[in-house]
Amino acid sequence: MTADGGARRDKENMSFWAHLDVLRRALFRVLAVYAAVFIVFICIMPHIFTAVILGPASGDFFVYKWLNALPDAVSGFAQGFHVRIINIDIAAQLMTHLNTSMTLAAIVCCPYMSFWAHLDVLRRALFRVLAVYAAVFIVFICIMPHIFTAVILGPASGDFFVYKWLNALPDAVSGFAQGFHVRIINIDIAAQLMTHLNTSMTLAAIVCCPYIIYELWRYIRPALYSNELRRVKTAFALGTVMFFAGCLVGYVIVFPFTFRALAEYQISEMITNQISLSSYINYFTAIILIMGLVFEMPLVVWLLGCLGLIDRPFLRRYRRHAVVVLLVLAALITPSGDPFSLLIVFLPLYLLYELSIFMVCKSKEPV
């Protein structure tokens, strides 16, 4: 086996995290070279700034002299031409010294920093993501008036489909939200407009999440070896599915129960709850996004297992402790103290923990 073949095989057997370490060292070398060139330009800038940077502002610029030496058609092109540059900012000369040195250092280091060629690929990916996001955002802007009452404000009314489903269950939970209705008020003149825009932006971001993950996957895929493609592809797919599942659980289960509990909670009968539009939307958005992130727990545990930080026996050993923590978390989410509400929030969290145990590695060995 040749030395090149052995080196190529070693690279193919490297883990994803080993490649990140190689990338880190490459970035350190790039930054070291850039810093050295930057310091050189800092030192020589006072000697070249007038002749090079400000050269085109004077008739003595070599291009103007070359044109003046040509036939009469262009002779005298810039004779007597001079622009006086003034400074109106106390820190402008210092900042110009630093910024110009940084820019010239980046230009000089460009051949060494082939890494930045990837930025053009990233730029095109970002443009595609922004184009798709803008299109989805415009769609939500148009349809928001038609879905806001039924979807966004749905949990504020006893007609919400989850409440109807609970009312159809046995006596233990029947009448759960019969007659429940919260009147949302607006106390800010611009709140309805800003709510229209902000809610459309948030929903567009959630809907575009799979496409954003896909573009990220396309961007990093060429840098991965065959033994890493399957794991990273699985991580992206799982992350997307679990995020949407978390958002759905937040909308169908967590938000309706917590909102009902908070809306009916009274510290004194002298206080009347009047929920503002901004308060409702902020809480609604926070719960949905938080649950989407909470449902990434299996993915986070899987990644920690790949790093060799935790394993399956560790999670099983501390399962009882985890149950207590999850019960406390569920109690904080459902402050009403209703056992049914507590159970309905606790179950998804516990199932996530069990899924994490199933997904994590059996031993603490980096993959």
# chains A, B, ... in the order shown; residues from 1 in each chain; ligands from 1
>>> residues_around(residues="Leu289 of chain A", least_positions_apart="5", cutoff="9 Å", atoms="only C-alpha atoms", output="PyMOL selection string")
chain A and resi 206+243+246-247+250+284+294
>>> select_by_dssp(residues="segment 172-249 of chain A", states="alpha helix (DSSP H)", output="ChimeraX atom specification")
/A:191-207,209-220,226-249
>>> closest_residue(among="A:Ala286, A:Met297, A:Val254, A:Ile357", to="Pro313 of chain A", atoms="only C-alpha atoms")
A:Ile357
>>> residues_around(residues="Val345 of chain A", least_positions_apart="6", cutoff="10 Å", atoms="only C-alpha atoms", output="PyMOL selection string")
chain A and resi 249-250+253-255+257-258+326-327+329-331+333-334
